[in-house]
$ cat protein-v6.csv   # CSV, C-alpha atoms
chain,number,residue,atom,x,y,z
A,272,MET,CA,117.3,167.9,99.4
A,273,PRO,CA,116.6,164.6,101.0
A,274,ASP,CA,117.6,164.2,104.6
A,275,ARG,CA,120.5,161.6,104.8
A,276,SER,CA,121.4,162.2,108.4
A,277,ASN,CA,120.3,158.6,109.3
A,278,ASP,CA,122.1,156.9,106.3
A,279,LYS,CA,125.6,156.5,107.9
A,280,PRO,CA,124.5,154.1,110.7
A,281,ARG,CA,122.4,152.2,108.2
A,282,ARG,CA,125.4,151.9,105.8
A,283,VAL,CA,127.7,150.7,108.6
A,284,GLY,CA,125.1,148.2,109.6
A,285,LEU,CA,124.9,147.0,105.9
A,286,ARG,CA,128.6,146.7,105.7
A,287,THR,CA,128.7,144.7,108.9
A,288,LEU,CA,126.0,142.4,107.5
A,289,ILE,CA,127.9,142.0,104.2
A,290,ALA,CA,131.1,141.3,106.1
A,291,PHE,CA,129.3,138.7,108.3
A,292,LEU,CA,127.7,137.0,105.4
A,293,GLY,CA,131.1,137.0,103.5
A,294,ALA,CA,132.9,135.4,106.5
A,295,ALA,CA,130.1,132.9,106.8
A,296,VAL,CA,130.2,132.0,103.1
A,297,GLY,CA,134.1,131.8,103.3
A,298,SER,CA,133.9,129.6,106.4
A,299,VAL,CA,131.4,127.3,104.7
A,300,SER,CA,133.5,127.3,101.6
A,301,SER,CA,136.6,126.5,103.6
A,302,THR,CA,134.8,123.8,105.5
A,303,ASN,CA,133.5,122.4,102.2
A,304,ALA,CA,137.1,122.4,100.9
A,305,VAL,CA,138.3,120.4,103.9
A,306,SER,CA,135.3,118.0,103.5
A,307,ASP,CA,136.1,117.6,99.8
A,308,THR,CA,139.8,116.9,100.6
A,309,ARG,CA,138.8,114.3,103.3
A,310,ALA,CA,136.4,112.7,100.8
A,311,ALA,CA,138.9,112.7,98.0
A,312,LEU,CA,141.9,111.5,100.0
A,313,GLY,CA,140.2,109.3,102.6
A,314,ILE,CA,140.4,109.9,106.3
A,315,VAL,CA,143.0,107.9,108.3
A,316,PRO,CA,141.5,107.4,111.8
A,317,GLU,CA,144.3,105.4,113.5
A,318,TYR,CA,146.0,108.1,115.4
A,319,GLY,CA,143.2,110.1,117.1
A,320,LEU,CA,143.9,112.9,114.7
A,321,ASP,CA,142.1,114.2,111.6
A,322,LEU,CA,144.5,113.0,108.9
A,323,VAL,CA,144.5,112.2,105.2
A,324,ALA,CA,147.0,110.3,103.2
A,325,TYR,CA,148.6,112.6,100.6
A,326,ALA,CA,151.4,110.5,99.3
A,327,THR,CA,152.8,107.0,99.0
A,328,VAL,CA,156.6,106.8,98.3
A,329,ARG,CA,157.7,103.4,97.1
A,330,ARG,CA,161.3,102.2,97.6
A,331,ILE,CA,163.4,100.0,95.3
A,332,ASP,CA,163.7,97.5,98.2
A,333,GLY,CA,159.9,96.9,98.2
A,334,SER,CA,159.3,99.0,101.3
A,335,TYR,CA,157.0,102.0,101.1
A,336,ARG,CA,156.0,105.0,103.1
A,337,ARG,CA,152.6,106.6,103.5
A,338,MET,CA,152.5,110.3,104.2
A,339,LEU,CA,149.6,111.8,106.3
A,340,ILE,CA,148.6,115.3,107.0
A,341,ASP,CA,145.7,117.3,108.5
A,342,PRO,CA,143.2,118.2,105.8
A,343,LYS,CA,142.8,121.6,107.4
A,344,VAL,CA,146.5,122.3,106.7
A,345,LEU,CA,146.0,121.4,103.1
A,346,ALA,CA,143.3,124.1,102.9
A,347,ARG,CA,145.9,126.6,104.3
A,348,VAL,CA,148.6,125.4,101.9
A,349,ALA,CA,146.2,125.9,99.0
A,350,GLU,CA,145.6,129.4,100.2
A,351,THR,CA,149.1,130.5,101.0
A,352,GLY,CA,151.4,128.0,99.2
A,353,THR,CA,153.4,127.5,102.5
A,354,VAL,CA,153.1,125.0,105.3
A,355,PRO,CA,151.7,126.9,108.4
A,356,ASP,CA,152.8,126.6,112.0
A,357,GLY,CA,151.1,123.8,113.8
A,358,THR,CA,151.3,121.5,110.8
A,359,ARG,CA,151.7,117.9,111.8
A,360,ILE,CA,153.0,115.3,109.2
A,361,LEU,CA,153.1,111.6,109.9
A,362,MET,CA,155.2,109.1,107.9
A,363,GLU,CA,154.2,105.5,108.2
A,364,THR,CA,156.9,103.0,107.1
A,365,TYR,CA,155.9,99.6,105.7
A,366,TYR,CA,158.2,96.7,104.8
A,367,SER,CA,155.5,94.6,103.4
A,368,PRO,CA,151.9,95.6,102.5
A,369,GLY,CA,149.8,96.3,105.6
A,370,GLN,CA,152.7,95.6,108.0
A,371,ARG,CA,153.3,99.0,109.5
A,372,SER,CA,156.7,99.5,111.2
A,373,THR,CA,157.9,102.8,112.8
A,374,VAL,CA,155.7,105.9,112.4
A,375,PHE,CA,157.8,109.1,112.2
A,376,HIS,CA,156.1,112.4,112.7
A,377,SER,CA,157.0,116.1,112.7
A,378,MET,CA,155.3,119.3,113.8
A,379,LYS,CA,156.1,122.8,112.8
A,380,ARG,CA,156.4,125.2,115.8
A,381,ALA,CA,157.5,128.8,115.5
A,382,GLY,CA,158.9,128.1,112.1
A,383,ARG,CA,161.0,125.2,113.2
A,384,TRP,CA,160.3,121.5,112.7
A,385,LEU,CA,160.3,119.2,115.7
A,386,TYR,CA,160.3,115.4,115.4
A,387,GLY,CA,159.1,112.2,117.1
A,388,SER,CA,158.4,108.6,116.4
A,389,PHE,CA,156.6,105.6,117.7
A,390,ASN,CA,156.1,101.9,117.0
A,391,GLN,CA,153.4,100.4,119.2
A,392,SER,CA,151.9,103.2,121.2
A,393,THR,CA,150.8,106.4,119.6
A,394,ASP,CA,153.2,108.9,121.1
A,395,LEU,CA,152.8,112.2,119.4
A,396,ALA,CA,155.4,114.1,121.5
A,397,VAL,CA,157.9,116.0,119.5
A,398,ARG,CA,161.2,117.6,120.2
A,399,SER,CA,164.3,118.9,118.4
A,400,GLN,CA,166.3,115.9,117.2
A,401,ALA,CA,169.7,116.1,115.6
A,402,SER,CA,169.3,112.8,113.7
A,403,CYS,CA,166.1,113.9,112.0
A,404,LEU,CA,167.1,117.5,111.5
A,405,THR,CA,170.4,116.8,109.8
A,406,CYS,CA,168.7,114.5,107.3
A,407,HIS,CA,165.8,116.9,106.6
A,408,ALA,CA,168.3,119.7,106.0
A,409,ARG,CA,168.6,118.3,102.5
A,410,ALA,CA,165.1,119.4,101.9
A,411,ALA,CA,165.7,123.0,103.1
A,412,GLU,CA,164.5,124.4,99.8
A,413,THR,CA,161.1,122.8,100.4
A,414,ASP,CA,160.7,123.9,104.0
A,415,PHE,CA,162.5,120.7,105.3
A,416,VAL,CA,159.6,118.6,104.0
A,417,PHE,CA,160.8,116.2,101.2
A,418,THR,CA,157.3,115.6,100.0
A,419,LEU,CA,156.2,119.2,99.9
A,420,PRO,CA,155.4,119.0,96.2
A,421,SER,CA,152.9,116.2,97.0
A,422,VAL,CA,151.4,118.3,99.9
A,423,LYS,CA,150.9,121.1,97.4
A,424,ALA,CA,149.4,118.7,94.8
A,425,ALA,CA,146.9,117.4,97.4
A,426,ALA,CA,146.1,120.9,98.5
A,427,GLU,CA,145.3,121.8,94.9
A,428,GLY,CA,142.9,118.9,94.7
A,429,LEU,CA,145.1,116.8,92.5
A,430,GLY,CA,144.7,113.7,94.7
A,431,THR,CA,147.2,111.4,96.4
A,432,SER,CA,150.7,111.2,94.9
A,433,ASP,CA,152.1,107.7,94.4
A,434,PHE,CA,155.6,107.4,93.1
A,435,GLN,CA,158.7,105.2,93.0
A,436,CYS,CA,161.9,106.4,94.8
A,437,ASP,CA,165.3,105.7,93.3
A,438,ARG,CA,166.7,104.5,96.6
A,439,GLY,CA,166.0,102.0,99.3
A,440,GLY,CA,166.0,102.1,103.1
A,441,ARG,CA,166.5,105.3,105.0
A,442,SER,CA,168.1,107.4,102.3
A,443,PRO,CA,165.9,110.2,101.0
A,444,CYS,CA,165.1,110.1,97.3
A,445,GLY,CA,166.7,112.6,94.9
A,446,ALA,CA,165.0,116.0,95.0
A,447,GLU,CA,163.7,115.7,91.4
A,448,ILE,CA,161.9,112.4,92.4
A,449,TYR,CA,159.8,114.3,94.9
A,450,ALA,CA,159.0,117.1,92.4
A,451,GLU,CA,158.3,114.8,89.5
A,452,GLY,CA,156.4,112.2,91.6
A,453,ALA,CA,153.8,114.7,92.9
A,454,ALA,CA,150.3,114.1,91.5
A,455,ARG,CA,149.4,116.1,88.4
B,52,MET,CA,216.6,108.1,123.7
B,53,SER,CA,216.6,108.9,127.4
B,54,GLU,CA,219.4,107.9,129.8
B,55,SER,CA,217.4,105.0,131.0
B,56,GLY,CA,217.2,103.6,127.4
B,57,ASP,CA,213.5,104.1,127.3
B,58,ASP,CA,212.7,106.2,124.3
B,59,ARG,CA,209.0,106.0,124.6
B,60,TYR,CA,206.9,109.1,124.6
B,61,PRO,CA,205.7,110.5,128.0
B,62,ILE,CA,202.7,108.7,129.4
B,63,SER,CA,200.5,111.8,128.9
B,64,ILE,CA,201.2,111.7,125.1
B,65,ARG,CA,200.7,108.0,124.8
B,66,LEU,CA,197.4,108.2,126.7
B,67,ALA,CA,196.2,111.1,124.6
B,68,HIS,CA,197.2,109.2,121.4
B,69,TRP,CA,195.4,106.0,122.2
B,70,ALA,CA,192.4,107.8,123.6
B,71,THR,CA,192.1,109.7,120.3
B,72,VAL,CA,192.4,106.4,118.4
B,73,LEU,CA,189.7,104.8,120.6
B,74,LEU,CA,187.4,107.8,120.3
B,75,VAL,CA,187.8,108.1,116.5
B,76,VAL,CA,187.0,104.4,116.1
B,77,LEU,CA,184.0,104.9,118.4
B,78,GLN,CA,182.9,107.9,116.4
B,79,ALA,CA,182.9,105.9,113.2
B,80,ALA,CA,181.0,103.0,114.9
B,81,LEU,CA,178.4,105.5,116.3
B,82,ALA,CA,177.8,107.1,112.9
B,83,LEU,CA,177.5,103.7,111.2
B,84,ALA,CA,175.2,102.3,113.9
B,85,ASN,CA,173.0,105.4,113.6
B,86,ALA,CA,172.6,104.8,109.9
B,87,LEU,CA,171.8,101.1,110.5
B,88,VAL,CA,169.3,101.4,113.3
B,89,TYR,CA,167.5,104.7,112.4
B,90,GLU,CA,164.7,103.1,110.5
B,91,PHE,CA,163.8,100.6,113.2
B,92,ALA,CA,164.9,102.3,116.4
B,93,PRO,CA,164.9,106.1,115.9
B,94,VAL,CA,165.0,106.8,119.6
B,95,THR,CA,168.2,104.7,119.9
B,96,ALA,CA,169.5,106.4,116.8
B,97,GLU,CA,169.1,109.8,118.4
B,98,ARG,CA,170.9,108.6,121.5
B,99,LEU,CA,173.7,107.4,119.2
B,100,VAL,CA,173.9,110.9,117.6
B,101,GLN,CA,174.0,112.5,121.0
B,102,ALA,CA,176.9,110.2,122.0
B,103,HIS,CA,178.6,111.1,118.7
B,104,ILE,CA,178.3,114.8,119.6
B,105,HIS,CA,179.8,114.2,123.0
B,106,VAL,CA,182.6,112.0,121.8
B,107,GLY,CA,183.3,114.6,119.1
B,108,PHE,CA,183.6,117.3,121.8
B,109,ALA,CA,186.0,115.0,123.7
B,110,ILE,CA,188.2,114.5,120.6
B,111,VAL,CA,188.4,118.2,120.0
B,112,LEU,CA,189.4,118.9,123.6
B,113,ILE,CA,192.1,116.2,123.5
B,114,THR,CA,193.4,117.4,120.2
B,115,LEU,CA,193.7,121.0,121.4
B,116,LEU,CA,195.6,119.8,124.5
B,117,ARG,CA,197.9,117.6,122.3
B,118,ALA,CA,198.5,120.4,119.8
B,119,GLY,CA,199.3,122.8,122.7
B,120,ARG,CA,201.7,120.4,124.2
B,121,ARG,CA,203.3,119.6,120.9
B,122,ILE,CA,203.9,123.3,120.2
B,123,ARG,CA,205.5,123.7,123.6
B,124,HIS,CA,207.6,120.5,123.6
B,125,ARG,CA,208.8,119.7,120.1
B,126,ARG,CA,210.4,116.3,119.8
B,127,GLN,CA,211.9,114.6,116.8
B,128,GLY,CA,209.7,111.6,116.0
B,129,ALA,CA,210.8,110.3,112.7
B,130,ALA,CA,213.9,109.6,110.6
B,131,GLU,CA,215.7,112.8,109.9
B,132,ARG,CA,214.9,112.8,106.2
B,133,PHE,CA,211.2,112.3,106.8
B,134,ARG,CA,211.0,114.9,109.6
B,135,TYR,CA,209.2,117.5,107.5
B,136,ILE,CA,206.8,115.0,106.1
B,137,ALA,CA,206.1,113.8,109.7
B,138,HIS,CA,205.4,117.5,110.7
B,139,ILE,CA,203.0,117.9,107.8
B,140,VAL,CA,201.2,114.6,108.6
B,141,HIS,CA,200.8,115.4,112.3
B,142,GLY,CA,199.6,118.9,111.4
B,143,ALA,CA,197.1,117.4,109.0
B,144,PHE,CA,195.9,115.0,111.8
B,145,TYR,CA,195.3,117.9,114.2
B,146,GLY,CA,193.7,120.0,111.4
B,147,LEU,CA,191.4,117.2,110.3
B,148,LEU,CA,190.4,116.2,113.8
B,149,LEU,CA,189.5,119.8,114.6
B,150,THR,CA,187.8,120.4,111.3
B,151,ALA,CA,185.7,117.3,111.7
B,152,GLY,CA,184.6,118.5,115.2
B,153,LEU,CA,184.0,122.1,114.3
B,154,SER,CA,182.1,121.3,111.1
B,155,GLY,CA,180.0,118.8,113.0
B,156,TYR,CA,179.1,121.6,115.4
B,157,LEU,CA,178.4,124.1,112.6
B,158,LYS,CA,176.1,121.9,110.7
B,159,LEU,CA,173.8,121.7,113.7
B,160,ALA,CA,174.3,125.2,114.8
B,161,TRP,CA,173.3,126.6,111.4
B,162,LEU,CA,170.2,124.4,111.6
B,163,GLY,CA,169.2,126.1,114.8
B,164,PHE,CA,169.8,123.0,116.8
B,165,GLU,CA,170.9,123.6,120.4
B,166,ILE,CA,173.7,121.3,121.5
B,167,GLU,CA,173.7,120.5,125.1
B,168,LEU,CA,176.9,118.9,126.4
B,169,PHE,CA,176.7,116.7,129.5
B,170,GLY,CA,173.5,118.5,130.5
B,171,VAL,CA,175.6,121.4,131.6
B,172,ILE,CA,177.0,123.4,128.6
B,173,THR,CA,174.7,124.7,125.9
B,174,LEU,CA,176.6,125.6,122.7
B,175,PRO,CA,175.1,128.7,120.9
B,176,THR,CA,173.1,128.2,117.7
B,177,LEU,CA,173.9,130.3,114.7
B,178,GLY,CA,170.4,130.9,113.4
B,179,LEU,CA,168.8,129.0,110.5
B,180,TYR,CA,171.1,129.0,107.4
B,181,PRO,CA,170.5,125.7,105.7
B,182,PRO,CA,173.0,126.4,102.8
B,183,ALA,CA,175.7,127.0,105.3
B,184,ALA,CA,174.7,123.9,107.2
B,185,SER,CA,174.9,122.0,104.0
B,186,MET,CA,178.4,123.2,103.4
B,187,ALA,CA,179.4,122.3,106.9
B,188,THR,CA,177.9,118.8,106.3
B,189,THR,CA,180.0,118.4,103.2
B,190,LEU,CA,183.1,119.6,105.1
B,191,HIS,CA,182.3,117.2,108.0
B,192,PHE,CA,182.1,114.2,105.6
B,193,ALA,CA,185.2,115.2,103.6
B,194,ALA,CA,187.3,115.8,106.8
B,195,THR,CA,186.2,112.4,108.1
B,196,MET,CA,187.1,110.6,104.9
B,197,ALA,CA,190.4,112.4,104.7
B,198,LEU,CA,191.1,111.5,108.4
B,199,PHE,CA,190.5,107.8,107.8
B,200,ALA,CA,192.8,107.9,104.7
B,201,LEU,CA,195.4,109.6,106.9
B,202,VAL,CA,195.0,107.0,109.6
B,203,VAL,CA,195.7,104.2,107.1
B,204,CYS,CA,198.8,106.1,105.8
B,205,HIS,CA,199.9,106.7,109.4
B,206,ALA,CA,199.7,103.0,110.2
B,207,ALA,CA,201.4,102.0,106.9
B,208,VAL,CA,204.3,104.4,107.6
B,209,ALA,CA,204.8,102.8,111.0
B,210,VAL,CA,205.2,99.5,109.2
B,211,PHE,CA,207.4,101.2,106.6
B,212,HIS,CA,209.7,102.5,109.3
B,213,LYS,CA,210.2,99.1,110.9
B,214,ARG,CA,210.4,96.9,107.7
B,215,TRP,CA,212.3,99.1,105.3
B,216,LEU,CA,214.2,101.6,107.4
B,217,GLY,CA,214.9,99.2,110.3
B,218,MET,CA,213.7,101.9,112.6
B,219,PRO,CA,210.8,100.7,114.8
B,220,VAL,CA,208.7,103.6,116.0
B,221,LEU,CA,205.5,102.0,117.3
B,222,HIS,CA,207.0,100.9,120.6
B,223,ARG,CA,207.5,104.6,121.5
B,224,MET,CA,203.7,105.0,121.6
B,225,LEU,CA,203.1,101.8,123.7

$ encode --input "protein-v6.csv" --output "structure tokens"
Amino acid sequence: MPDRSNDKPRRVGLRTLIAFLGAAVGSVSSTNAVSDTRAALGIVPEYGLDLVAYATVRRIDGSYRRMLIDPKVLARVAETGTVPDGTRILMETYYSPGQRSTVFHSMKRAGRWLYGSFNQSTDLAVRSQASCLTCHARAAETDFVFTLPSVKAAAEGLGTSDFQCDRGGRSPCGAEIYAEGAAR
Amino acid sequence: MSESGDDRYPISIRLAHWATVLLVVLQAALALANALVYEFAPVTAERLVQAHIHVGFAIVLITLLRAGRRIRHRRQGAAERFRYIAHIVHGAFYGLLLTAGLSGYLKLAWLGFEIELFGVITLPTLGLYPPAASMATTLHFAATMALFALVVCHAAVAVFHKRWLGMPVLHRML
């Protein structure tokens, strides 16, 4: 009978090696996915953050909003189907092409969304705000993110969503608009 | 009418009445201004919402004091044949003012938002229940709309008393 007394450490070593290689491949794959997303959606460098535009929501009054998110978050959304803690979403408002007005932004911390905004300076501080929260409560079914269907579409590699909203100004669009407007 | 011929309400009632009128108008203005400036001045909008919350708290407090006083000191305030209607209308006023305030609090409390009053009192949150918050939002809007409809009726009835019944009532609140 062959002596296998030395096989156990060798098998453990082999498992560790396979696990290491698996993690490395996974990491490379994940990095590649982020790079692919960045390449596909185009990086937005203005705010000192790694951001890509995942949606443009056009309003009936001619204004539009460009939605930005961290491509690493998109990779997580693709994996889990949910928006993870630490996610930051920016919404640029435009009243004429290229003329950016207020930038609204939100960040998810401990399962809750905090909000902030800026016009000139890039102030990314967030806090709990009643005015933002009460409006976003209408999107409770999509984790308080109106454009979650577009986030998911971008995460699935379907590209940037670009759709027309049925309302103007501040009012959020109808829920079906966000769902139907997501890239396919 | 009192012996002095002055049939006006006590000063505390008159003050509470006009303070309520002023604060309700201010509430409407704050809500409207918030909707108008939000897009361009979100920081100002949040300040307006915070003011709306504080004014709402003040209205609830005054309404509770008024209701308490009314229960303790009942006074005939309308023509005999309209007395019951007057009771119902005043009850509706108190009910709507309190409902608007309470639903305003609930819609934020069920979204996990911590309301801090005057930097001193922190009202408790009620967890994260968006469907309940949504119902509170609907109730808040409905109570507000009903309140404004009632205000219009209330003012119209004061005119009705003077013009058709020959029984001026407004002076008692001045």

$ atom_distance --input "protein-v6.csv" --atom1 "atom CA of B:Ile110" --atom2 "atom CA of B:Phe91"
29.0 Å

$ closest_residue --input "protein-v6.csv" --among "A:Gly440, A:Pro420, A:Pro355, A:Gly445" --to "chain B" --atoms "only C-alpha atoms"
A:Gly440

$ interface_residues --input "protein-v6.csv" --of "chain A" --to "chain B" --cutoff "8 Å" --atoms "all atoms listed in the file" --output "list in words"
Ser372, Thr373, Ser388, Ser399, Gln400, Ala401, Ser402, Leu404, Thr405, Ala408, Arg409, Ala411, Gly440 and Arg441 of chain A

$ atom_distance --input "protein-v6.csv" --atom1 "atom CA of A:Arg455" --atom2 "atom CA of A:Asp414"
20.8 Å

$ residues_near_point --input "protein-v6.csv" --point "(145.4, 116.5, 97.9)" --cutoff "9 Å" --atoms "all atoms listed in the file" --output "number ranges by chain"
A: 308-309, 311-312, 323-326, 342, 345, 421-432, 454

$ residues_around --input "protein-v6.csv" --residues "stretch 202-210 of chain B" --least-positions-apart "2" --cutoff "10 Å" --atoms "all atoms listed in the file" --output "mmCIF file with C-alpha atoms, in the coordinates of the input"
data_model
loop_
_atom_site.group_PDB
_atom_site.id
_atom_site.type_symbol
_atom_site.label_atom_id
_atom_site.label_comp_id
_atom_site.auth_asym_id
_atom_site.auth_seq_id
_atom_site.Cartn_x
_atom_site.Cartn_y
_atom_site.Cartn_z
ATOM 1 C CA VAL B 72 192.400 106.400 118.400
ATOM 2 C CA ALA B 129 210.800 110.300 112.700
ATOM 3 C CA ALA B 137 206.100 113.800 109.700
ATOM 4 C CA VAL B 140 201.200 114.600 108.600
ATOM 5 C CA HIS B 141 200.800 115.400 112.300
ATOM 6 C CA PHE B 144 195.900 115.000 111.800
ATOM 7 C CA MET B 196 187.100 110.600 104.900
ATOM 8 C CA ALA B 197 190.400 112.400 104.700
ATOM 9 C CA LEU B 198 191.100 111.500 108.400
ATOM 10 C CA PHE B 199 190.500 107.800 107.800
ATOM 11 C CA ALA B 200 192.800 107.900 104.700
ATOM 12 C CA HIS B 212 209.700 102.500 109.300
ATOM 13 C CA LYS B 213 210.200 99.100 110.900
ATOM 14 C CA ARG B 214 210.400 96.900 107.700
ATOM 15 C CA TRP B 215 212.300 99.100 105.300
ATOM 16 C CA LEU B 216 214.200 101.600 107.400
ATOM 17 C CA GLY B 217 214.900 99.200 110.300
ATOM 18 C CA MET B 218 213.700 101.900 112.600
ATOM 19 C CA PRO B 219 210.800 100.700 114.800
ATOM 20 C CA VAL B 220 208.700 103.600 116.000
ATOM 21 C CA LEU B 221 205.500 102.000 117.300
#

$ closest_residue --input "protein-v6.csv" --among "A:Leu322, A:Val416, A:Ala349, A:Met362" --to "A:Trp384" --atoms "all atoms listed in the file"
A:Val416

$ closest_residue --input "protein-v6.csv" --among "B:Ala102, B:Gly142, B:Pro61, B:Ala67" --to "B:Ala79" --atoms "all atoms listed in the file"
B:Ala102

$ closest_residue --input "protein-v6.csv" --among "A:Ala450, A:Ile340, A:Glu317, A:Ile331" --to "A:Glu412" --atoms "all atoms listed in the file"
A:Ala450

$ atom_distance --input "protein-v6.csv" --atom1 "atom CA of A:Thr358" --atom2 "atom CA of B:Met186"
28.1 Å

$ closest_residue --input "protein-v6.csv" --among "B:Arg134, B:Gly119, B:Phe169, B:Gly107" --to "B:Leu149" --atoms "all atoms listed in the file"
B:Gly107

$ closest_residue --input "protein-v6.csv" --among "A:Phe389, A:Phe434, A:Asp332, A:Ala396" --to "A:Arg359" --atoms "only C-alpha atoms"
A:Ala396

$ residues_around --input "protein-v6.csv" --residues "B:Met224" --least-positions-apart "4" --cutoff "10 Å" --atoms "all atoms listed in the file" --output "list in words"
Asp58, Arg59, Tyr60, Pro61, Ile62, Ile64, Arg65, Leu66, His68, Trp69 and Val220 of chain B

$ residues_around --input "protein-v6.csv" --residues "A:Gly357" --least-positions-apart "5" --cutoff "7 Å" --atoms "only C-alpha atoms" --output "PDB file with C-alpha atoms, in the frame of the given file"
ATOM      1  CA  MET A 378     155.300 119.300 113.800  1.00  0.00           C
ATOM      2  CA  LYS A 379     156.100 122.800 112.800  1.00  0.00           C
ATOM      3  CA  ARG A 380     156.400 125.200 115.800  1.00  0.00           C
TER       4      ARG A 380
END

$ build_atoms --input "protein-v6.csv" --residues "stretch 159-171 of chain B" --atoms "N, CA, C and O atoms" --output "compact mmCIF listing (two decimals), in the frame of the given file"
# COMPACT_ATOMS: atom_id res chain seq x y z
N LEU B 159 174.98 121.62 112.80
CA LEU B 159 173.80 121.70 113.70
C LEU B 159 173.48 123.08 114.11
O LEU B 159 172.31 123.46 114.18
N ALA B 160 174.52 123.86 114.39
CA ALA B 160 174.30 125.20 114.80
C ALA B 160 173.61 126.07 113.77
O ALA B 160 172.76 126.92 114.08
N TRP B 161 173.94 125.81 112.48
CA TRP B 161 173.30 126.60 111.40
C TRP B 161 171.92 126.00 111.02
O TRP B 161 171.25 126.52 110.15
N LEU B 162 171.53 124.93 111.71
CA LEU B 162 170.20 124.40 111.60
C LEU B 162 169.32 124.84 112.78
O LEU B 162 168.19 124.40 112.95
N GLY B 163 169.93 125.65 113.63
CA GLY B 163 169.20 126.10 114.80
C GLY B 163 169.10 125.10 115.91
O GLY B 163 168.29 125.25 116.83
N PHE B 164 169.91 124.04 115.83
CA PHE B 164 169.80 123.00 116.80
C PHE B 164 170.73 123.33 118.04
O PHE B 164 171.91 123.63 117.87
N GLU B 165 170.14 123.28 119.21
CA GLU B 165 170.90 123.60 120.40
C GLU B 165 171.60 122.38 120.96
O GLU B 165 170.95 121.41 121.35
N ILE B 166 172.92 122.42 120.95
CA ILE B 166 173.70 121.30 121.50
C ILE B 166 173.93 121.46 122.94
O ILE B 166 174.46 122.48 123.38
N GLU B 167 173.50 120.45 123.69
CA GLU B 167 173.70 120.50 125.10
C GLU B 167 174.74 119.42 125.49
O GLU B 167 174.55 118.24 125.19
N LEU B 168 175.84 119.87 126.09
CA LEU B 168 176.90 118.90 126.40
C LEU B 168 176.85 118.53 127.88
O LEU B 168 176.89 119.39 128.77
N PHE B 169 176.73 117.25 128.11
CA PHE B 169 176.70 116.70 129.50
C PHE B 169 175.64 117.32 130.35
O PHE B 169 175.79 117.36 131.57
N GLY B 170 174.61 117.84 129.73
CA GLY B 170 173.50 118.50 130.50
C GLY B 170 173.94 119.74 131.19
O GLY B 170 173.21 120.26 132.03
N VAL B 171 175.10 120.25 130.88
CA VAL B 171 175.60 121.40 131.60
C VAL B 171 175.88 122.59 130.64
O VAL B 171 175.43 123.71 130.87
